[in-house]
$ cat final-v4.cif   # mmCIF, N, CA and C atoms
data_structure
loop_
_atom_site.label_atom_id
_atom_site.label_comp_id
_atom_site.auth_asym_id
_atom_site.auth_seq_id
_atom_site.Cartn_x
_atom_site.Cartn_y
_atom_site.Cartn_z
N MET S 13 0.84 -1.18 0.00
CA MET S 13 0.00 0.00 0.00
C MET S 13 0.88 1.24 0.00
N SER S 14 0.67 2.11 -0.95
CA SER S 14 1.51 3.31 -1.02
C SER S 14 1.00 4.38 -0.05
N SER S 15 1.93 5.20 0.37
CA SER S 15 1.64 6.31 1.29
C SER S 15 2.27 7.56 0.71
N ILE S 16 1.43 8.54 0.40
CA ILE S 16 1.94 9.76 -0.23
C ILE S 16 1.76 10.97 0.68
N ASN S 17 0.59 11.13 1.25
CA ASN S 17 0.28 12.31 2.07
C ASN S 17 -0.05 11.90 3.50
N PRO S 18 0.32 12.73 4.48
CA PRO S 18 0.07 12.38 5.88
C PRO S 18 -1.41 12.49 6.24
N SER S 19 -1.83 11.64 7.15
CA SER S 19 -3.20 11.71 7.66
C SER S 19 -3.26 12.74 8.78
N ARG S 20 -4.46 13.22 9.06
CA ARG S 20 -4.65 14.18 10.15
C ARG S 20 -4.19 13.58 11.48
N SER S 21 -4.50 12.32 11.73
CA SER S 21 -4.13 11.70 13.01
C SER S 21 -2.62 11.59 13.16
N ARG S 22 -1.90 11.33 12.06
CA ARG S 22 -0.43 11.27 12.14
C ARG S 22 0.15 12.66 12.41
N LEU S 23 -0.42 13.68 11.81
CA LEU S 23 0.05 15.05 12.06
C LEU S 23 -0.20 15.45 13.51
N GLU S 24 -1.35 15.08 14.05
CA GLU S 24 -1.65 15.38 15.45
C GLU S 24 -0.68 14.65 16.38
N SER S 25 -0.37 13.42 16.04
CA SER S 25 0.58 12.63 16.83
C SER S 25 1.97 13.26 16.82
N LEU S 26 2.36 13.82 15.68
CA LEU S 26 3.66 14.47 15.56
C LEU S 26 3.80 15.57 16.60
N VAL S 27 2.82 16.43 16.71
CA VAL S 27 2.89 17.55 17.65
C VAL S 27 2.94 17.06 19.09
N LYS S 28 2.24 15.98 19.38
CA LYS S 28 2.22 15.45 20.75
C LYS S 28 3.56 14.83 21.16
N GLN S 29 4.32 14.33 20.20
CA GLN S 29 5.56 13.62 20.50
C GLN S 29 6.78 14.53 20.69
N PHE S 30 6.66 15.80 20.28
CA PHE S 30 7.80 16.71 20.35
C PHE S 30 7.46 17.92 21.20
N ALA S 31 8.44 18.38 21.99
CA ALA S 31 8.27 19.61 22.77
C ALA S 31 8.15 20.78 21.80
N PRO S 32 7.46 21.86 22.21
CA PRO S 32 7.22 22.99 21.30
C PRO S 32 8.47 23.59 20.67
N ASP S 33 9.59 23.60 21.39
CA ASP S 33 10.81 24.21 20.84
C ASP S 33 11.85 23.17 20.42
N GLU S 34 11.44 21.92 20.32
CA GLU S 34 12.37 20.84 19.97
C GLU S 34 12.50 20.69 18.46
N PRO S 35 13.74 20.75 17.93
CA PRO S 35 13.93 20.53 16.50
C PRO S 35 13.53 19.11 16.10
N VAL S 36 13.14 18.97 14.85
CA VAL S 36 12.77 17.66 14.32
C VAL S 36 13.43 17.51 12.96
N VAL S 37 13.98 16.34 12.72
CA VAL S 37 14.55 16.01 11.42
C VAL S 37 13.61 15.00 10.76
N MET S 38 13.23 15.30 9.53
CA MET S 38 12.34 14.42 8.78
C MET S 38 13.15 13.58 7.79
N LEU S 39 13.01 12.27 7.92
CA LEU S 39 13.59 11.33 6.96
C LEU S 39 12.55 11.11 5.87
N ASN S 40 12.92 11.43 4.64
CA ASN S 40 12.04 11.24 3.48
C ASN S 40 12.59 10.11 2.62
N LEU S 41 11.81 9.08 2.40
CA LEU S 41 12.15 8.02 1.45
C LEU S 41 11.18 8.16 0.30
N LEU S 42 11.71 8.26 -0.92
CA LEU S 42 10.88 8.57 -2.08
C LEU S 42 11.03 7.53 -3.18
N ARG S 43 9.91 7.11 -3.73
CA ARG S 43 9.89 6.27 -4.94
C ARG S 43 9.07 7.01 -5.98
N PHE S 44 9.68 7.29 -7.11
CA PHE S 44 9.04 8.08 -8.15
C PHE S 44 8.23 7.22 -9.11
N ARG S 45 7.16 7.78 -9.61
CA ARG S 45 6.41 7.17 -10.70
C ARG S 45 7.25 7.32 -11.98
N GLU S 46 7.07 6.42 -12.91
CA GLU S 46 7.74 6.59 -14.19
C GLU S 46 7.24 7.86 -14.86
N ASP S 47 5.91 8.01 -14.92
CA ASP S 47 5.29 9.22 -15.46
C ASP S 47 4.47 9.86 -14.36
N ALA S 48 4.63 11.16 -14.18
CA ALA S 48 3.85 11.89 -13.18
C ALA S 48 2.36 11.73 -13.47
N GLU S 49 1.57 11.65 -12.42
CA GLU S 49 0.12 11.51 -12.57
C GLU S 49 -0.59 12.74 -12.00
N TYR S 50 -0.63 13.78 -12.82
CA TYR S 50 -1.34 14.99 -12.44
C TYR S 50 -2.83 14.82 -12.68
N ALA S 51 -3.63 15.46 -11.86
CA ALA S 51 -5.07 15.52 -12.09
C ALA S 51 -5.33 16.47 -13.25
N ASP S 52 -6.42 16.25 -13.97
CA ASP S 52 -6.76 17.10 -15.12
C ASP S 52 -6.81 18.58 -14.74
N GLU S 53 -7.34 18.87 -13.55
CA GLU S 53 -7.49 20.27 -13.13
C GLU S 53 -6.16 20.94 -12.77
N ASP S 54 -5.09 20.15 -12.65
CA ASP S 54 -3.78 20.73 -12.35
C ASP S 54 -3.21 21.49 -13.54
N ASN S 55 -3.63 21.15 -14.75
CA ASN S 55 -3.16 21.81 -15.97
C ASN S 55 -1.63 21.87 -16.06
N GLU S 56 -0.97 20.76 -15.78
CA GLU S 56 0.49 20.69 -15.85
C GLU S 56 0.90 19.88 -17.08
N SER S 57 2.02 20.25 -17.66
CA SER S 57 2.52 19.52 -18.81
C SER S 57 3.04 18.15 -18.38
N PRO S 58 2.88 17.14 -19.24
CA PRO S 58 3.34 15.79 -18.89
C PRO S 58 4.85 15.77 -18.64
N CYS S 59 5.25 14.92 -17.70
CA CYS S 59 6.67 14.78 -17.37
C CYS S 59 6.85 13.48 -16.58
N SER S 60 8.08 13.16 -16.28
CA SER S 60 8.37 11.99 -15.45
C SER S 60 8.08 12.32 -13.98
N GLY S 61 8.03 11.29 -13.15
CA GLY S 61 7.88 11.51 -11.72
C GLY S 61 9.05 12.31 -11.15
N ARG S 62 10.25 12.00 -11.59
CA ARG S 62 11.43 12.74 -11.13
C ARG S 62 11.32 14.22 -11.49
N GLU S 63 10.87 14.50 -12.71
CA GLU S 63 10.73 15.90 -13.14
C GLU S 63 9.66 16.61 -12.32
N ALA S 64 8.56 15.94 -12.03
CA ALA S 64 7.51 16.55 -11.21
C ALA S 64 8.03 16.83 -9.81
N TYR S 65 8.84 15.91 -9.26
CA TYR S 65 9.39 16.14 -7.93
C TYR S 65 10.40 17.29 -7.95
N ALA S 66 11.13 17.43 -9.04
CA ALA S 66 12.05 18.56 -9.18
C ALA S 66 11.28 19.88 -9.19
N ARG S 67 10.11 19.90 -9.85
CA ARG S 67 9.26 21.09 -9.83
C ARG S 67 8.87 21.42 -8.39
N TYR S 68 8.41 20.39 -7.67
CA TYR S 68 8.02 20.55 -6.27
C TYR S 68 9.19 21.06 -5.43
N SER S 69 10.35 20.42 -5.57
CA SER S 69 11.51 20.76 -4.75
C SER S 69 11.92 22.21 -4.93
N LYS S 70 11.94 22.66 -6.16
CA LYS S 70 12.34 24.05 -6.44
C LYS S 70 11.42 25.02 -5.71
N LEU S 71 10.13 24.77 -5.74
CA LEU S 71 9.16 25.63 -5.08
C LEU S 71 9.14 25.43 -3.56
N ALA S 72 9.39 24.20 -3.12
CA ALA S 72 9.35 23.89 -1.68
C ALA S 72 10.48 24.56 -0.91
N LEU S 73 11.59 24.84 -1.56
CA LEU S 73 12.71 25.49 -0.87
C LEU S 73 12.27 26.83 -0.26
N ASN S 74 11.43 27.57 -0.97
CA ASN S 74 10.92 28.83 -0.43
C ASN S 74 10.03 28.59 0.78
N GLN S 75 9.26 27.52 0.74
CA GLN S 75 8.38 27.20 1.87
C GLN S 75 9.20 26.78 3.08
N LEU S 76 10.26 26.02 2.85
CA LEU S 76 11.14 25.63 3.95
C LEU S 76 11.76 26.87 4.59
N ALA S 77 12.23 27.80 3.77
CA ALA S 77 12.85 29.02 4.29
C ALA S 77 11.88 29.83 5.15
N LYS S 78 10.61 29.85 4.75
CA LYS S 78 9.61 30.61 5.52
C LYS S 78 9.49 30.12 6.96
N VAL S 79 9.72 28.82 7.19
CA VAL S 79 9.60 28.28 8.54
C VAL S 79 10.98 27.98 9.15
N GLU S 80 12.02 28.52 8.51
CA GLU S 80 13.40 28.37 8.98
C GLU S 80 13.85 26.91 9.02
N ALA S 81 13.40 26.13 8.05
CA ALA S 81 13.83 24.74 7.89
C ALA S 81 14.83 24.66 6.74
N LYS S 82 15.59 23.58 6.71
CA LYS S 82 16.55 23.43 5.61
C LYS S 82 16.88 21.96 5.36
N PRO S 83 17.13 21.64 4.10
CA PRO S 83 17.59 20.29 3.78
C PRO S 83 18.98 20.07 4.37
N GLU S 84 19.16 18.95 5.05
CA GLU S 84 20.46 18.61 5.63
C GLU S 84 21.25 17.68 4.72
N TRP S 85 20.54 16.80 4.01
CA TRP S 85 21.20 15.81 3.17
C TRP S 85 20.21 15.33 2.12
N VAL S 86 20.68 15.19 0.89
CA VAL S 86 19.88 14.66 -0.21
C VAL S 86 20.76 13.69 -0.97
N GLY S 87 20.23 12.51 -1.28
CA GLY S 87 21.03 11.55 -2.02
C GLY S 87 20.19 10.51 -2.74
N GLU S 88 20.87 9.79 -3.58
CA GLU S 88 20.25 8.70 -4.34
C GLU S 88 20.28 7.43 -3.50
N ALA S 89 19.13 6.79 -3.36
CA ALA S 89 19.07 5.50 -2.66
C ALA S 89 19.65 4.45 -3.60
N MET S 90 20.55 3.63 -3.09
CA MET S 90 21.27 2.69 -3.96
C MET S 90 20.82 1.24 -3.77
N VAL S 91 21.20 0.62 -2.68
CA VAL S 91 20.97 -0.81 -2.48
C VAL S 91 20.26 -1.03 -1.15
N PRO S 92 19.04 -1.57 -1.17
CA PRO S 92 18.37 -1.90 0.09
C PRO S 92 18.98 -3.18 0.69
N VAL S 93 19.95 -3.02 1.55
CA VAL S 93 20.68 -4.16 2.10
C VAL S 93 19.80 -4.96 3.06
N ILE S 94 19.05 -4.27 3.90
CA ILE S 94 18.09 -4.93 4.79
C ILE S 94 16.74 -4.29 4.52
N ALA S 95 15.89 -5.01 3.80
CA ALA S 95 14.56 -4.50 3.44
C ALA S 95 13.79 -5.63 2.77
N PRO S 96 12.47 -5.53 2.77
CA PRO S 96 11.69 -6.50 2.00
C PRO S 96 12.11 -6.44 0.52
N ASP S 97 11.99 -7.55 -0.17
CA ASP S 97 12.42 -7.64 -1.56
C ASP S 97 11.78 -6.60 -2.47
N ASP S 98 10.56 -6.20 -2.17
CA ASP S 98 9.85 -5.26 -3.04
C ASP S 98 9.98 -3.81 -2.58
N GLU S 99 10.87 -3.55 -1.63
CA GLU S 99 10.99 -2.20 -1.10
C GLU S 99 12.28 -1.55 -1.58
N ASP S 100 12.16 -0.79 -2.65
CA ASP S 100 13.26 -0.01 -3.21
C ASP S 100 12.86 1.47 -3.16
N TRP S 101 13.85 2.32 -2.94
CA TRP S 101 13.62 3.76 -2.91
C TRP S 101 14.53 4.42 -3.93
N ASP S 102 14.11 5.55 -4.46
CA ASP S 102 14.90 6.28 -5.45
C ASP S 102 15.74 7.39 -4.83
N GLU S 103 15.19 8.06 -3.83
CA GLU S 103 15.87 9.22 -3.26
C GLU S 103 15.61 9.27 -1.76
N VAL S 104 16.57 9.83 -1.03
CA VAL S 104 16.48 9.98 0.42
C VAL S 104 16.81 11.43 0.77
N LEU S 105 16.02 12.02 1.65
CA LEU S 105 16.27 13.39 2.10
C LEU S 105 16.18 13.44 3.62
N LEU S 106 17.00 14.29 4.20
CA LEU S 106 16.87 14.66 5.61
C LEU S 106 16.62 16.16 5.64
N VAL S 107 15.52 16.56 6.26
CA VAL S 107 15.17 17.98 6.35
C VAL S 107 15.00 18.33 7.82
N ARG S 108 15.71 19.38 8.27
CA ARG S 108 15.65 19.82 9.66
C ARG S 108 14.66 20.98 9.78
N TYR S 109 13.73 20.83 10.72
CA TYR S 109 12.75 21.87 11.05
C TYR S 109 13.03 22.34 12.47
N PRO S 110 12.80 23.62 12.77
CA PRO S 110 13.04 24.10 14.13
C PRO S 110 12.08 23.48 15.14
N SER S 111 10.94 22.97 14.66
CA SER S 111 9.97 22.33 15.56
C SER S 111 8.95 21.58 14.71
N ALA S 112 8.21 20.70 15.37
CA ALA S 112 7.12 20.01 14.69
C ALA S 112 6.05 21.01 14.25
N GLN S 113 5.84 22.04 15.06
CA GLN S 113 4.86 23.06 14.70
C GLN S 113 5.27 23.81 13.44
N ALA S 114 6.56 24.02 13.26
CA ALA S 114 7.04 24.67 12.03
C ALA S 114 6.69 23.81 10.81
N PHE S 115 6.86 22.51 10.94
CA PHE S 115 6.48 21.60 9.84
C PHE S 115 4.98 21.71 9.57
N LEU S 116 4.17 21.68 10.62
CA LEU S 116 2.71 21.78 10.45
C LEU S 116 2.31 23.12 9.84
N SER S 117 2.98 24.18 10.25
CA SER S 117 2.69 25.50 9.68
C SER S 117 2.96 25.51 8.19
N MET S 118 4.08 24.88 7.81
CA MET S 118 4.42 24.84 6.39
C MET S 118 3.38 24.07 5.58
N VAL S 119 3.06 22.85 6.02
CA VAL S 119 2.16 22.02 5.21
C VAL S 119 0.73 22.54 5.18
N SER S 120 0.36 23.38 6.13
CA SER S 120 -0.99 23.95 6.12
C SER S 120 -1.05 25.32 5.43
N ASP S 121 0.09 25.88 5.09
CA ASP S 121 0.15 27.18 4.43
C ASP S 121 -0.47 27.08 3.03
N PRO S 122 -1.36 28.01 2.66
CA PRO S 122 -1.97 27.98 1.32
C PRO S 122 -0.95 28.00 0.18
N GLU S 123 0.18 28.68 0.37
CA GLU S 123 1.21 28.69 -0.67
C GLU S 123 1.82 27.31 -0.85
N TYR S 124 2.01 26.59 0.25
CA TYR S 124 2.51 25.21 0.16
C TYR S 124 1.44 24.32 -0.48
N GLN S 125 0.21 24.48 -0.06
CA GLN S 125 -0.88 23.67 -0.62
C GLN S 125 -0.99 23.86 -2.13
N ALA S 126 -0.60 25.02 -2.62
CA ALA S 126 -0.67 25.29 -4.06
C ALA S 126 0.41 24.57 -4.86
N ILE S 127 1.45 24.04 -4.19
CA ILE S 127 2.52 23.34 -4.91
C ILE S 127 2.57 21.84 -4.64
N VAL S 128 1.88 21.38 -3.61
CA VAL S 128 2.02 19.98 -3.19
C VAL S 128 1.50 19.00 -4.25
N HIS S 129 0.70 19.49 -5.20
CA HIS S 129 0.22 18.58 -6.26
C HIS S 129 1.37 18.02 -7.09
N HIS S 130 2.48 18.75 -7.17
CA HIS S 130 3.66 18.23 -7.88
C HIS S 130 4.21 17.00 -7.16
N ARG S 131 4.28 17.09 -5.84
CA ARG S 131 4.78 15.96 -5.04
C ARG S 131 3.86 14.75 -5.18
N THR S 132 2.56 14.99 -5.07
CA THR S 132 1.58 13.92 -5.18
C THR S 132 1.65 13.24 -6.55
N ALA S 133 1.79 14.05 -7.60
CA ALA S 133 1.87 13.51 -8.96
C ALA S 133 3.16 12.72 -9.17
N ALA S 134 4.21 13.12 -8.50
CA ALA S 134 5.54 12.54 -8.71
C ALA S 134 5.73 11.17 -8.08
N LEU S 135 5.10 10.95 -6.92
CA LEU S 135 5.46 9.80 -6.09
C LEU S 135 4.56 8.59 -6.26
N ALA S 136 5.21 7.43 -6.38
CA ALA S 136 4.51 6.15 -6.34
C ALA S 136 4.35 5.71 -4.89
N ASP S 137 5.32 6.09 -4.05
CA ASP S 137 5.28 5.72 -2.64
C ASP S 137 6.28 6.60 -1.89
N SER S 138 6.08 6.73 -0.60
CA SER S 138 7.01 7.52 0.21
C SER S 138 6.88 7.14 1.68
N ARG S 139 7.86 7.55 2.44
CA ARG S 139 7.83 7.47 3.89
C ARG S 139 8.35 8.81 4.40
N LEU S 140 7.74 9.30 5.45
CA LEU S 140 8.18 10.52 6.10
C LEU S 140 8.21 10.22 7.59
N ILE S 141 9.41 10.19 8.15
CA ILE S 141 9.59 9.76 9.53
C ILE S 141 10.22 10.89 10.33
N ALA S 142 9.52 11.35 11.36
CA ALA S 142 10.03 12.39 12.24
C ALA S 142 11.02 11.76 13.21
N MET S 143 12.17 12.43 13.37
CA MET S 143 13.25 11.87 14.21
C MET S 143 13.79 12.92 15.14
N ARG S 144 14.36 12.44 16.25
CA ARG S 144 15.11 13.29 17.19
C ARG S 144 16.40 12.57 17.53
N PRO S 145 17.43 13.33 17.95
CA PRO S 145 18.68 12.67 18.35
C PRO S 145 18.44 11.78 19.55
N LYS S 146 19.14 10.69 19.59
CA LYS S 146 19.05 9.78 20.74
C LYS S 146 19.82 10.38 21.91
N LYS S 147 19.19 10.37 23.07
CA LYS S 147 19.83 10.89 24.27
C LYS S 147 20.71 9.78 24.85
N THR S 148 21.95 10.13 25.13
CA THR S 148 22.86 9.10 25.66
C THR S 148 23.12 9.28 27.12
#

$ encode --input "final-v4.cif" --output "structure tokens"
Amino acid sequence: MSSINPSRSRLESLVKQFAPDEPVVMLNLLRFREDAEYADEDNESPCSGREAYARYSKLALNQLAKVEAKPEWVGEAMVPVIAPDDEDWDEVLLVRYPSAQAFLSMVSDPEYQAIVHHRTAALADSRLIAMRPKKT
């Protein structure tokens, strides 16, 4: 079962798990569609999933800056050494947000909502995992 967009209950859980001023790093695992699947009302030119995600990424950088978040690491997923046989990913990102609330502010912003259709069209599957440093 593919997962592209977060549910309301998962977003609510995110806020409950982090202190208001606690930074959060989001692990993004992305699998692209061969061809982007835009809705007819999106009026976007046909492209690959990777190209649609590139459109999203370019626009999302401004949204990240608005909430003082930034990409920490972006790379190509290579070999799933420990994973189910059918679980391959194309790209991995780590994005640092100043707080879980900053992430929620971004995804609920109308300007962000106006660009997220590129992400939805681009992805066959994804994972978004909120992380904190382990206390030793």

$ resolve_selection --input "final-v4.cif" --expression "the PyMOL selection byres (((chain S and resi 106-111 and name CA) around 8) and name CA)" --output "list in words"
Phe30, Ala31, Pro32, Asp33, Glu34, Pro35, Val36, Val37, Met38, Leu39, Asn40, Val79, Glu80, Ala81, Lys82, Pro83, Glu84, Trp85, Val86, Val104, Leu105, Ala112, Gln113, Ala114 and Phe115 of chain S

$ write_last_selection --input "final-v4.cif" --atoms "N, CA and C atoms" --output "mmCIF file, keeping the file's coordinate frame"
data_model
loop_
_atom_site.group_PDB
_atom_site.id
_atom_site.type_symbol
_atom_site.label_atom_id
_atom_site.label_comp_id
_atom_site.auth_asym_id
_atom_site.auth_seq_id
_atom_site.Cartn_x
_atom_site.Cartn_y
_atom_site.Cartn_z
ATOM 1 N N PHE S 30 6.660 15.800 20.280
ATOM 2 C CA PHE S 30 7.800 16.710 20.350
ATOM 3 C C PHE S 30 7.460 17.920 21.200
ATOM 4 N N ALA S 31 8.440 18.380 21.990
ATOM 5 C CA ALA S 31 8.270 19.610 22.770
ATOM 6 C C ALA S 31 8.150 20.780 21.800
ATOM 7 N N PRO S 32 7.460 21.860 22.210
ATOM 8 C CA PRO S 32 7.220 22.990 21.300
ATOM 9 C C PRO S 32 8.470 23.590 20.670
ATOM 10 N N ASP S 33 9.590 23.600 21.390
ATOM 11 C CA ASP S 33 10.810 24.210 20.840
ATOM 12 C C ASP S 33 11.850 23.170 20.420
ATOM 13 N N GLU S 34 11.440 21.920 20.320
ATOM 14 C CA GLU S 34 12.370 20.840 19.970
ATOM 15 C C GLU S 34 12.500 20.690 18.460
ATOM 16 N N PRO S 35 13.740 20.750 17.930
ATOM 17 C CA PRO S 35 13.930 20.530 16.500
ATOM 18 C C PRO S 35 13.530 19.110 16.100
ATOM 19 N N VAL S 36 13.140 18.970 14.850
ATOM 20 C CA VAL S 36 12.770 17.660 14.320
ATOM 21 C C VAL S 36 13.430 17.510 12.960
ATOM 22 N N VAL S 37 13.980 16.340 12.720
ATOM 23 C CA VAL S 37 14.550 16.010 11.420
ATOM 24 C C VAL S 37 13.610 15.000 10.760
ATOM 25 N N MET S 38 13.230 15.300 9.530
ATOM 26 C CA MET S 38 12.340 14.420 8.780
ATOM 27 C C MET S 38 13.150 13.580 7.790
ATOM 28 N N LEU S 39 13.010 12.270 7.920
ATOM 29 C CA LEU S 39 13.590 11.330 6.960
ATOM 30 C C LEU S 39 12.550 11.110 5.870
ATOM 31 N N ASN S 40 12.920 11.430 4.640
ATOM 32 C CA ASN S 40 12.040 11.240 3.480
ATOM 33 C C ASN S 40 12.590 10.110 2.620
ATOM 34 N N VAL S 79 9.720 28.820 7.190
ATOM 35 C CA VAL S 79 9.600 28.280 8.540
ATOM 36 C C VAL S 79 10.980 27.980 9.150
ATOM 37 N N GLU S 80 12.020 28.520 8.510
ATOM 38 C CA GLU S 80 13.400 28.370 8.980
ATOM 39 C C GLU S 80 13.850 26.910 9.020
ATOM 40 N N ALA S 81 13.400 26.130 8.050
ATOM 41 C CA ALA S 81 13.830 24.740 7.890
ATOM 42 C C ALA S 81 14.830 24.660 6.740
ATOM 43 N N LYS S 82 15.590 23.580 6.710
ATOM 44 C CA LYS S 82 16.550 23.430 5.610
ATOM 45 C C LYS S 82 16.880 21.960 5.360
ATOM 46 N N PRO S 83 17.130 21.640 4.100
ATOM 47 C CA PRO S 83 17.590 20.290 3.780
ATOM 48 C C PRO S 83 18.980 20.070 4.370
ATOM 49 N N GLU S 84 19.160 18.950 5.050
ATOM 50 C CA GLU S 84 20.460 18.610 5.630
ATOM 51 C C GLU S 84 21.250 17.680 4.720
ATOM 52 N N TRP S 85 20.540 16.800 4.010
ATOM 53 C CA TRP S 85 21.200 15.810 3.170
ATOM 54 C C TRP S 85 20.210 15.330 2.120
ATOM 55 N N VAL S 86 20.680 15.190 0.890
ATOM 56 C CA VAL S 86 19.880 14.660 -0.210
ATOM 57 C C VAL S 86 20.760 13.690 -0.970
ATOM 58 N N VAL S 104 16.570 9.830 -1.030
ATOM 59 C CA VAL S 104 16.480 9.980 0.420
ATOM 60 C C VAL S 104 16.810 11.430 0.770
ATOM 61 N N LEU S 105 16.020 12.020 1.650
ATOM 62 C CA LEU S 105 16.270 13.390 2.100
ATOM 63 C C LEU S 105 16.180 13.440 3.620
ATOM 64 N N ALA S 112 8.210 20.700 15.370
ATOM 65 C CA ALA S 112 7.120 20.010 14.690
ATOM 66 C C ALA S 112 6.050 21.010 14.250
ATOM 67 N N GLN S 113 5.840 22.040 15.060
ATOM 68 C CA GLN S 113 4.860 23.060 14.700
ATOM 69 C C GLN S 113 5.270 23.810 13.440
ATOM 70 N N ALA S 114 6.560 24.020 13.260
ATOM 71 C CA ALA S 114 7.040 24.670 12.030
ATOM 72 C C ALA S 114 6.690 23.810 10.810
ATOM 73 N N PHE S 115 6.860 22.510 10.940
ATOM 74 C CA PHE S 115 6.480 21.600 9.840
ATOM 75 C C PHE S 115 4.980 21.710 9.570
#

$ atom_distance --input "final-v4.cif" --atom1 "atom CA of S:Leu26" --atom2 "atom CA of S:Lys147"
18.7 Å

$ residues_around --input "final-v4.cif" --residues "S:Ala64" --least-positions-apart "2" --cutoff "6.5 Å" --atoms "all atoms listed in the file" --output "number ranges by chain"
S: 48, 59-62, 66-69, 130-131, 133-134

$ closest_residue --input "final-v4.cif" --among "S:Leu76, S:Val91, S:Leu42, S:Met143" --to "S:Met118" --atoms "only C-alpha atoms"
S:Leu76

$ select_by_dssp --input "final-v4.cif" --residues "stretch 47-144 of chain S" --states "helix (DSSP H, G or I)" --output "number ranges by chain"
S: 52-54, 61-78, 112-120, 122-125, 128-134
